[in-house]
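Source file: query10.pdb; contents: PDB, C-alpha atoms, pLDDT in the B column.
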ATOM      1  CA  MET H   1     -45.561 -15.633 -49.134  1.00 56.00           C
ATOM      2  CA  HIS H   2     -44.922 -18.652 -46.915  1.00 65.00           C
ATOM      3  CA  ASP H   3     -47.007 -19.410 -43.846  1.00 70.00           C
ATOM      4  CA  ASP H   4     -43.932 -18.870 -41.650  1.00 72.00           C
ATOM      5  CA  ASP H   5     -43.497 -15.346 -43.072  1.00 76.00           C
ATOM      6  CA  ARG H   6     -47.158 -14.550 -42.512  1.00 79.00           C
ATOM      7  CA  GLN H   7     -47.010 -15.786 -38.892  1.00 80.00           C
ATOM      8  CA  LEU H   8     -43.855 -13.778 -38.261  1.00 76.00           C
ATOM      9  CA  ARG H   9     -45.440 -10.585 -39.660  1.00 76.00           C
ATOM     10  CA  GLU H  10     -48.565 -11.102 -37.497  1.00 78.00           C
ATOM     11  CA  HIS H  11     -46.379 -11.713 -34.464  1.00 72.00           C
ATOM     12  CA  LEU H  12     -44.399  -8.517 -35.098  1.00 74.00           C
ATOM     13  CA  ARG H  13     -47.555  -6.511 -35.742  1.00 73.00           C
ATOM     14  CA  GLY H  14     -49.015  -7.742 -32.431  1.00 73.00           C
ATOM     15  CA  ALA H  15     -45.844  -6.690 -30.565  1.00 73.00           C
ATOM     16  CA  ASP H  16     -45.963  -3.155 -32.037  1.00 69.00           C
ATOM     17  CA  PRO H  17     -47.329  -0.829 -29.286  1.00 70.00           C
ATOM     18  CA  ALA H  18     -48.720   1.548 -31.943  1.00 66.00           C
ATOM     19  CA  HIS H  19     -50.481  -1.054 -34.101  1.00 66.00           C
ATOM     20  CA  ASN H  20     -53.940   0.212 -32.998  1.00 69.00           C
ATOM     21  CA  LEU H  21     -53.177   3.854 -33.835  1.00 68.00           C
ATOM     22  CA  ALA H  22     -54.428   5.415 -37.049  1.00 68.00           C
ATOM     23  CA  PRO H  23     -51.692   6.276 -39.572  1.00 66.00           C
ATOM     24  CA  LEU H  24     -50.451   9.873 -39.583  1.00 65.00           C
ATOM     25  CA  PRO H  25     -51.877  12.120 -42.327  1.00 68.00           C
ATOM     26  CA  PRO H  26     -49.528  12.680 -45.301  1.00 66.00           C
ATOM     27  CA  THR H  27     -49.623  16.473 -44.792  1.00 71.00           C
ATOM     28  CA  TRP H  28     -48.194  16.098 -41.267  1.00 65.00           C
ATOM     29  CA  LEU H  29     -45.383  13.884 -42.580  1.00 68.00           C
ATOM     30  CA  ASP H  30     -44.582  16.404 -45.348  1.00 74.00           C
ATOM     31  CA  HIS H  31     -44.528  19.259 -42.819  1.00 70.00           C
ATOM     32  CA  ARG H  32     -42.257  17.335 -40.423  1.00 73.00           C
ATOM     33  CA  MET H  33     -39.842  16.359 -43.211  1.00 76.00           C
ATOM     34  CA  GLU H  34     -39.637  20.024 -44.267  1.00 78.00           C
ATOM     35  CA  GLN H  35     -38.782  20.998 -40.653  1.00 78.00           C
ATOM     36  CA  ILE H  36     -36.034  18.386 -40.448  1.00 78.00           C
ATOM     37  CA  MET H  37     -34.498  19.470 -43.755  1.00 77.00           C
ATOM     38  CA  THR H  38     -34.556  23.158 -42.714  1.00 77.00           C
ATOM     39  CA  GLU H  39     -32.890  22.366 -39.352  1.00 74.00           C
ATOM     40  CA  GLN H  40     -30.161  20.296 -41.060  1.00 66.00           C
ATOM     41  CA  THR H  41     -29.217  23.025 -43.543  1.00 63.00           C
ATOM     42  CA  THR H  42     -29.020  25.798 -40.917  1.00 61.00           C
ATOM     43  CA  ALA H  43     -27.231  23.730 -38.233  1.00 58.00           C
ATOM     44  CA  ALA H  44     -23.462  23.840 -37.813  1.00 56.00           C
ATOM     45  CA  PRO H  45     -21.582  21.057 -39.579  1.00 58.00           C
ATOM     46  CA  ALA H  46     -21.343  17.951 -37.460  1.00 56.00           C
ATOM     47  CA  VAL H  47     -18.000  16.952 -35.973  1.00 55.00           C
ATOM     48  CA  PRO H  48     -16.869  13.608 -37.352  1.00 56.00           C
ATOM     49  CA  ALA H  49     -17.384  10.816 -34.824  1.00 54.00           C
ATOM     50  CA  ARG H  50     -13.733   9.780 -34.815  1.00 57.00           C
ATOM     51  CA  SER H  51     -12.369  13.235 -33.912  1.00 53.00           C
ATOM     52  CA  ALA H  52     -15.082  13.688 -31.280  1.00 51.00           C
ATOM     53  CA  ARG H  53     -14.095  10.410 -29.692  1.00 55.00           C
ATOM     54  CA  ARG H  54     -10.419  11.420 -29.664  1.00 58.00           C
ATOM     55  CA  THR H  55     -11.341  14.699 -27.982  1.00 58.00           C
ATOM     56  CA  TRP H  56     -13.090  12.829 -25.168  1.00 57.00           C
ATOM     57  CA  ILE H  57     -10.294  10.316 -24.481  1.00 61.00           C
ATOM     58  CA  PRO H  58      -8.041  12.790 -22.572  1.00 65.00           C
ATOM     59  CA  VAL H  59     -11.057  14.250 -20.769  1.00 63.00           C
ATOM     60  CA  VAL H  60     -12.148  10.799 -19.604  1.00 62.00           C
ATOM     61  CA  GLY H  61      -8.574   9.995 -18.504  1.00 63.00           C
ATOM     62  CA  VAL H  62      -8.312  13.176 -16.440  1.00 64.00           C
ATOM     63  CA  ALA H  63     -11.744  12.561 -14.899  1.00 65.00           C
ATOM     64  CA  ALA H  64     -10.730   9.010 -13.926  1.00 61.00           C
ATOM     65  CA  ALA H  65      -7.486  10.233 -12.347  1.00 59.00           C
ATOM     66  CA  LEU H  66      -9.362  12.877 -10.353  1.00 64.00           C
ATOM     67  CA  ALA H  67     -11.879  10.293  -9.166  1.00 59.00           C
ATOM     68  CA  ILE H  68      -9.100   7.976  -7.944  1.00 60.00           C
ATOM     69  CA  ALA H  69      -7.311  10.843  -6.184  1.00 57.00           C
ATOM     70  CA  ALA H  70     -10.552  11.892  -4.516  1.00 57.00           C
ATOM     71  CA  ALA H  71     -11.241   8.326  -3.390  1.00 54.00           C
ATOM     72  CA  VAL H  72      -7.879   8.294  -1.604  1.00 52.00           C
ATOM     73  CA  ALA H  73      -7.730  11.889  -0.351  1.00 56.00           C
ATOM     74  CA  VAL H  74     -11.307  12.475   0.800  1.00 50.00           C
ATOM     75  CA  PRO H  75     -11.430   9.712   3.464  1.00 50.00           C
ATOM     76  CA  LEU H  76      -8.100  10.908   4.891  1.00 53.00           C
ATOM     77  CA  ALA H  77      -9.235  14.551   4.839  1.00 55.00           C
ATOM     78  CA  LEU H  78     -12.462  13.571   6.584  1.00 54.00           C
ATOM     79  CA  GLY H  79     -10.573  11.880   9.380  1.00 57.00           C
ATOM     80  CA  GLY H  80     -10.160   8.420   7.871  1.00 70.00           C
ATOM     81  CA  THR H  81      -7.652   6.375   9.823  1.00 88.00           C
ATOM     82  CA  PRO H  82      -4.777   4.582   8.123  1.00 90.00           C
ATOM     83  CA  THR H  83      -4.495   0.824   8.509  1.00 95.00           C
ATOM     84  CA  VAL H  84      -1.930  -0.398  11.053  1.00 96.00           C
ATOM     85  CA  GLU H  85      -0.169  -3.720  11.566  1.00 96.00           C
ATOM     86  CA  GLN H  86       2.495  -4.926  13.983  1.00 96.00           C
ATOM     87  CA  LEU H  87       5.755  -6.680  13.162  1.00 96.00           C
ATOM     88  CA  ALA H  88       8.271  -8.151  15.578  1.00 94.00           C
ATOM     89  CA  GLN H  89      12.013  -7.660  15.507  1.00 91.00           C
ATOM     90  CA  PRO H  90      14.142 -10.716  14.623  1.00 87.00           C
ATOM     91  CA  THR H  91      14.622 -13.067  17.566  1.00 77.00           C
ATOM     92  CA  GLY H  92      18.204 -13.922  16.675  1.00 62.00           C
ATOM     93  CA  GLY H  93      17.162 -17.079  14.836  1.00 49.00           C
ATOM     94  CA  ASP H  94      18.869 -15.664  11.772  1.00 45.00           C
ATOM     95  CA  LEU H  95      22.148 -16.166  13.603  1.00 46.00           C
ATOM     96  CA  ALA H  96      21.616 -19.844  14.410  1.00 45.00           C
ATOM     97  CA  SER H  97      24.746 -20.820  12.543  1.00 46.00           C
ATOM     98  CA  GLY H  98      26.735 -18.041  14.169  1.00 53.00           C
ATOM     99  CA  SER H  99      26.836 -15.844  11.065  1.00 67.00           C
ATOM    100  CA  CYS H 100      24.496 -14.254   8.532  1.00 78.00           C
ATOM    101  CA  MET H 101      24.063 -15.223   4.900  1.00 80.00           C
ATOM    102  CA  ILE H 102      25.149 -12.710   2.256  1.00 88.00           C
ATOM    103  CA  VAL H 103      22.384 -10.187   1.529  1.00 92.00           C
ATOM    104  CA  SER H 104      21.030 -11.099  -1.905  1.00 95.00           C
ATOM    105  CA  PRO H 105      17.922 -10.704  -4.085  1.00 95.00           C
ATOM    106  CA  GLU H 106      17.243 -14.413  -3.608  1.00 95.00           C
ATOM    107  CA  GLY H 107      17.225 -13.969   0.173  1.00 93.00           C
ATOM    108  CA  LEU H 108      14.739 -11.104  -0.141  1.00 95.00           C
ATOM    109  CA  LEU H 109      12.425 -13.086  -2.410  1.00 95.00           C
ATOM    110  CA  MET H 110      11.977 -15.690   0.336  1.00 94.00           C
ATOM    111  CA  ASN H 111      10.060 -13.088   2.412  1.00 96.00           C
ATOM    112  CA  GLU H 112       6.281 -12.586   2.374  1.00 97.00           C
ATOM    113  CA  GLN H 113       6.443  -8.787   2.683  1.00 97.00           C
ATOM    114  CA  ALA H 114       8.883  -6.131   1.546  1.00 97.00           C
ATOM    115  CA  PHE H 115       8.373  -2.377   1.727  1.00 98.00           C
ATOM    116  CA  ALA H 116      10.006   1.019   2.151  1.00 97.00           C
ATOM    117  CA  ALA H 117       8.986   3.206   5.091  1.00 97.00           C
ATOM    118  CA  ARG H 118       9.829   6.364   6.998  1.00 97.00           C
ATOM    119  CA  VAL H 119       9.876   6.513  10.798  1.00 97.00           C
ATOM    120  CA  LEU H 120       7.079   8.766  12.065  1.00 96.00           C
ATOM    121  CA  THR H 121       7.551   8.332  15.793  1.00 96.00           C
ATOM    122  CA  VAL H 122       9.501   6.435  18.423  1.00 95.00           C
ATOM    123  CA  GLU H 123       7.462   6.413  21.612  1.00 94.00           C
ATOM    124  CA  GLY H 124       8.998   4.346  24.378  1.00 91.00           C
ATOM    125  CA  ASP H 125       9.771   0.974  22.843  1.00 93.00           C
ATOM    126  CA  VAL H 126       7.308   1.344  19.920  1.00 95.00           C
ATOM    127  CA  VAL H 127       8.374   2.596  16.485  1.00 96.00           C
ATOM    128  CA  THR H 128       5.687   3.727  14.012  1.00 97.00           C
ATOM    129  CA  LEU H 129       6.646   3.444  10.357  1.00 97.00           C
ATOM    130  CA  GLU H 130       4.734   5.120   7.524  1.00 97.00           C
ATOM    131  CA  VAL H 131       4.860   2.860   4.464  1.00 97.00           C
ATOM    132  CA  THR H 132       5.981   4.779   1.373  1.00 97.00           C
ATOM    133  CA  GLU H 133       6.432   1.942  -1.116  1.00 97.00           C
ATOM    134  CA  ARG H 134       5.287  -1.685  -1.317  1.00 97.00           C
ATOM    135  CA  PHE H 135       7.441  -4.239  -3.134  1.00 97.00           C
ATOM    136  CA  THR H 136       5.610  -7.457  -2.336  1.00 96.00           C
ATOM    137  CA  GLY H 137       2.840  -8.753  -0.072  1.00 96.00           C
ATOM    138  CA  GLU H 138      -0.023  -7.007   1.701  1.00 96.00           C
ATOM    139  CA  VAL H 139       1.323  -4.207   3.896  1.00 96.00           C
ATOM    140  CA  ALA H 140      -0.728  -1.767   5.992  1.00 96.00           C
ATOM    141  CA  ASP H 141      -0.393   2.028   5.713  1.00 96.00           C
ATOM    142  CA  ARG H 142       1.541   2.064   8.966  1.00 97.00           C
ATOM    143  CA  VAL H 143       3.616  -0.583  10.700  1.00 97.00           C
ATOM    144  CA  GLU H 144       4.456  -0.677  14.396  1.00 97.00           C
ATOM    145  CA  VAL H 145       7.624  -2.468  15.516  1.00 96.00           C
ATOM    146  CA  PRO H 146       9.487  -2.695  18.811  1.00 94.00           C
ATOM    147  CA  GLN H 147      12.641  -0.599  19.083  1.00 93.00           C
ATOM    148  CA  VAL H 148      15.926  -2.449  19.614  1.00 86.00           C
ATOM    149  CA  ASP H 149      18.852  -1.312  21.684  1.00 76.00           C
ATOM    150  CA  ALA H 150      21.603  -0.291  19.263  1.00 66.00           C
ATOM    151  CA  ALA H 151      24.198  -1.136  21.918  1.00 63.00           C
ATOM    152  CA  ASP H 152      22.783  -4.641  22.335  1.00 57.00           C
ATOM    153  CA  GLY H 153      25.425  -6.164  20.070  1.00 51.00           C
ATOM    154  CA  ASP H 154      22.916  -8.415  18.249  1.00 56.00           C
ATOM    155  CA  PHE H 155      23.070  -7.222  14.654  1.00 58.00           C
ATOM    156  CA  SER H 156      19.988  -9.197  13.622  1.00 67.00           C
ATOM    157  CA  GLY H 157      17.633  -6.378  14.724  1.00 79.00           C
ATOM    158  CA  VAL H 158      17.101  -2.951  13.157  1.00 86.00           C
ATOM    159  CA  PRO H 159      17.379   0.181  15.337  1.00 90.00           C
ATOM    160  CA  PHE H 160      15.092   2.937  13.977  1.00 94.00           C
ATOM    161  CA  GLU H 161      15.512   6.729  14.096  1.00 94.00           C
ATOM    162  CA  VAL H 162      12.741   9.316  13.650  1.00 95.00           C
ATOM    163  CA  GLY H 163      12.657  10.828  10.150  1.00 94.00           C
ATOM    164  CA  GLU H 164      14.932   8.195   8.613  1.00 96.00           C
ATOM    165  CA  SER H 165      13.857   5.897   5.754  1.00 97.00           C
ATOM    166  CA  TYR H 166      14.215   2.113   5.826  1.00 97.00           C
ATOM    167  CA  LEU H 167      13.783  -0.939   3.632  1.00 97.00           C
ATOM    168  CA  VAL H 168      12.050  -3.773   5.470  1.00 97.00           C
ATOM    169  CA  ALA H 169      11.454  -7.421   4.607  1.00 96.00           C
ATOM    170  CA  ALA H 170       9.292  -9.652   6.823  1.00 96.00           C
ATOM    171  CA  THR H 171       7.817 -13.140   7.081  1.00 96.00           C
ATOM    172  CA  ASP H 172       5.286 -14.542   9.549  1.00 95.00           C
ATOM    173  CA  GLY H 173       4.984 -11.154  11.278  1.00 95.00           C
ATOM    174  CA  GLN H 174       8.712 -10.872  11.937  1.00 95.00           C
ATOM    175  CA  ILE H 175      11.248  -8.518  10.344  1.00 95.00           C
ATOM    176  CA  ALA H 176      14.043 -10.231   8.430  1.00 93.00           C
ATOM    177  CA  GLY H 177      17.396  -9.455  10.024  1.00 89.00           C
ATOM    178  CA  CYS H 178      20.996 -10.038   9.017  1.00 88.00           C
ATOM    179  CA  GLY H 179      21.039  -7.031   6.704  1.00 91.00           C
ATOM    180  CA  LEU H 180      17.892  -7.858   4.690  1.00 94.00           C
ATOM    181  CA  SER H 181      16.188  -4.968   6.505  1.00 95.00           C
ATOM    182  CA  GLY H 182      17.907  -1.701   7.263  1.00 94.00           C
ATOM    183  CA  THR H 183      18.489   1.925   6.370  1.00 96.00           C
ATOM    184  CA  ASP H 184      17.423   2.834   2.811  1.00 96.00           C
ATOM    185  CA  SER H 185      20.998   3.054   1.531  1.00 96.00           C
ATOM    186  CA  ALA H 186      22.115   2.886  -2.107  1.00 96.00           C
ATOM    187  CA  ASP H 187      23.555  -0.617  -1.588  1.00 96.00           C
ATOM    188  CA  LEU H 188      20.466  -2.111   0.053  1.00 96.00           C
ATOM    189  CA  ARG H 189      18.168  -0.334  -2.421  1.00 96.00           C
ATOM    190  CA  ALA H 190      20.096  -1.942  -5.296  1.00 96.00           C
ATOM    191  CA  VAL H 191      19.435  -5.405  -3.796  1.00 96.00           C
ATOM    192  CA  TYR H 192      15.710  -4.607  -3.414  1.00 97.00           C
ATOM    193  CA  ASP H 193      15.558  -3.292  -6.988  1.00 96.00           C
ATOM    194  CA  ALA H 194      17.229  -6.466  -8.255  1.00 96.00           C
ATOM    195  CA  ALA H 195      14.765  -8.628  -6.310  1.00 96.00           C
ATOM    196  CA  PHE H 196      11.565  -6.750  -7.105  1.00 95.00           C
ATOM    197  CA  GLY H 197      12.338  -5.183 -10.466  1.00 88.00           C
ATOM    198  CA  GLY H 198      12.681  -1.590  -9.271  1.00 67.00           C
TER     199      GLY H 198
END
Show me the file's structure as structure tokens.
Amino acid sequence: MHDDDRQLREHLRGADPAHNLAPLPPTWLDHRMEQIMTEQTTAAPAVPARSARRTWIPVVGVAAALAIAAAVAVPLALGGTPTVEQLAQPTGGDLASGSCMIVSPEGLLMNEQAFAARVLTVEGDVVTLEVTERFTGEVADRVEVPQVDAADGDFSGVPFEVGESYLVAATDGQIAGCGLSGTDSADLRAVYDAAFGG
């Protein structure tokens, strides 16, 4: 035996917390082995590890889904308040050339935010939108925007109606006009889907 092996054995023996204990008597070991063998023969056959693991996969998935749902639902049920942000209506700058560009996926992709929402309330000149789908950018749970006068004649803004659904694009805190934002129609939805892979 080499000196290195001897030193290693002494080192391991010194690290053993039971190295000062007397060895167990052989009769105790025989008795314990007999107990273990008796328990093994009378116990139910063990489930193979692979099938046990497969059984737990759906259970773990369901538990994770419930935990996520609880994390969202519990704060709201306990009076948690949704996040709110404000956006401005277009100022007419979209019409600087006297006409709007064609509504296209490329035009939508130039915006920082894009989302779908339903109008909760129109109180005075303030519209509250509940966001139902986010396409791009950070968007709060609710968005407040000023109402526009539908009879104004400036088609850059979006007039909102309670209960209706809308598609909205925005940049620098301002809604994109000229048709990039508007009622959630089949035509506008198709442009949003083309832009954001819906």
Target residues per the PyMOL selection byres ((chain H and resi 108-123) around 10), formatted as a PyMOL selection string: chain H and resi 103-107+124-139+141-147+160-176+180-184+189+191-192+194-196
- request: Kindly give the distance, in Å, that separates atom CA of Leu87 of chain H and atom CA of Ala186 of chain H, rounded to a single decimal.
  value: 24.3 Å
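The two atoms in question, atom CA of Val84 of chain H and atom CA of Gly177 of chain H, are spaced 21.4 Å apart.
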With 8 Å on each side, where is the centre of the axis-aligned box around all listed atoms of segment 169-187 of chain H, and how long are its edges in Å to one decimal, as AutoDock Vina command-line options?
--center_x 14.3 --center_y -5.7 --center_z 4.9 --size_x 34.6 --size_y 33.6 --size_z 30.0
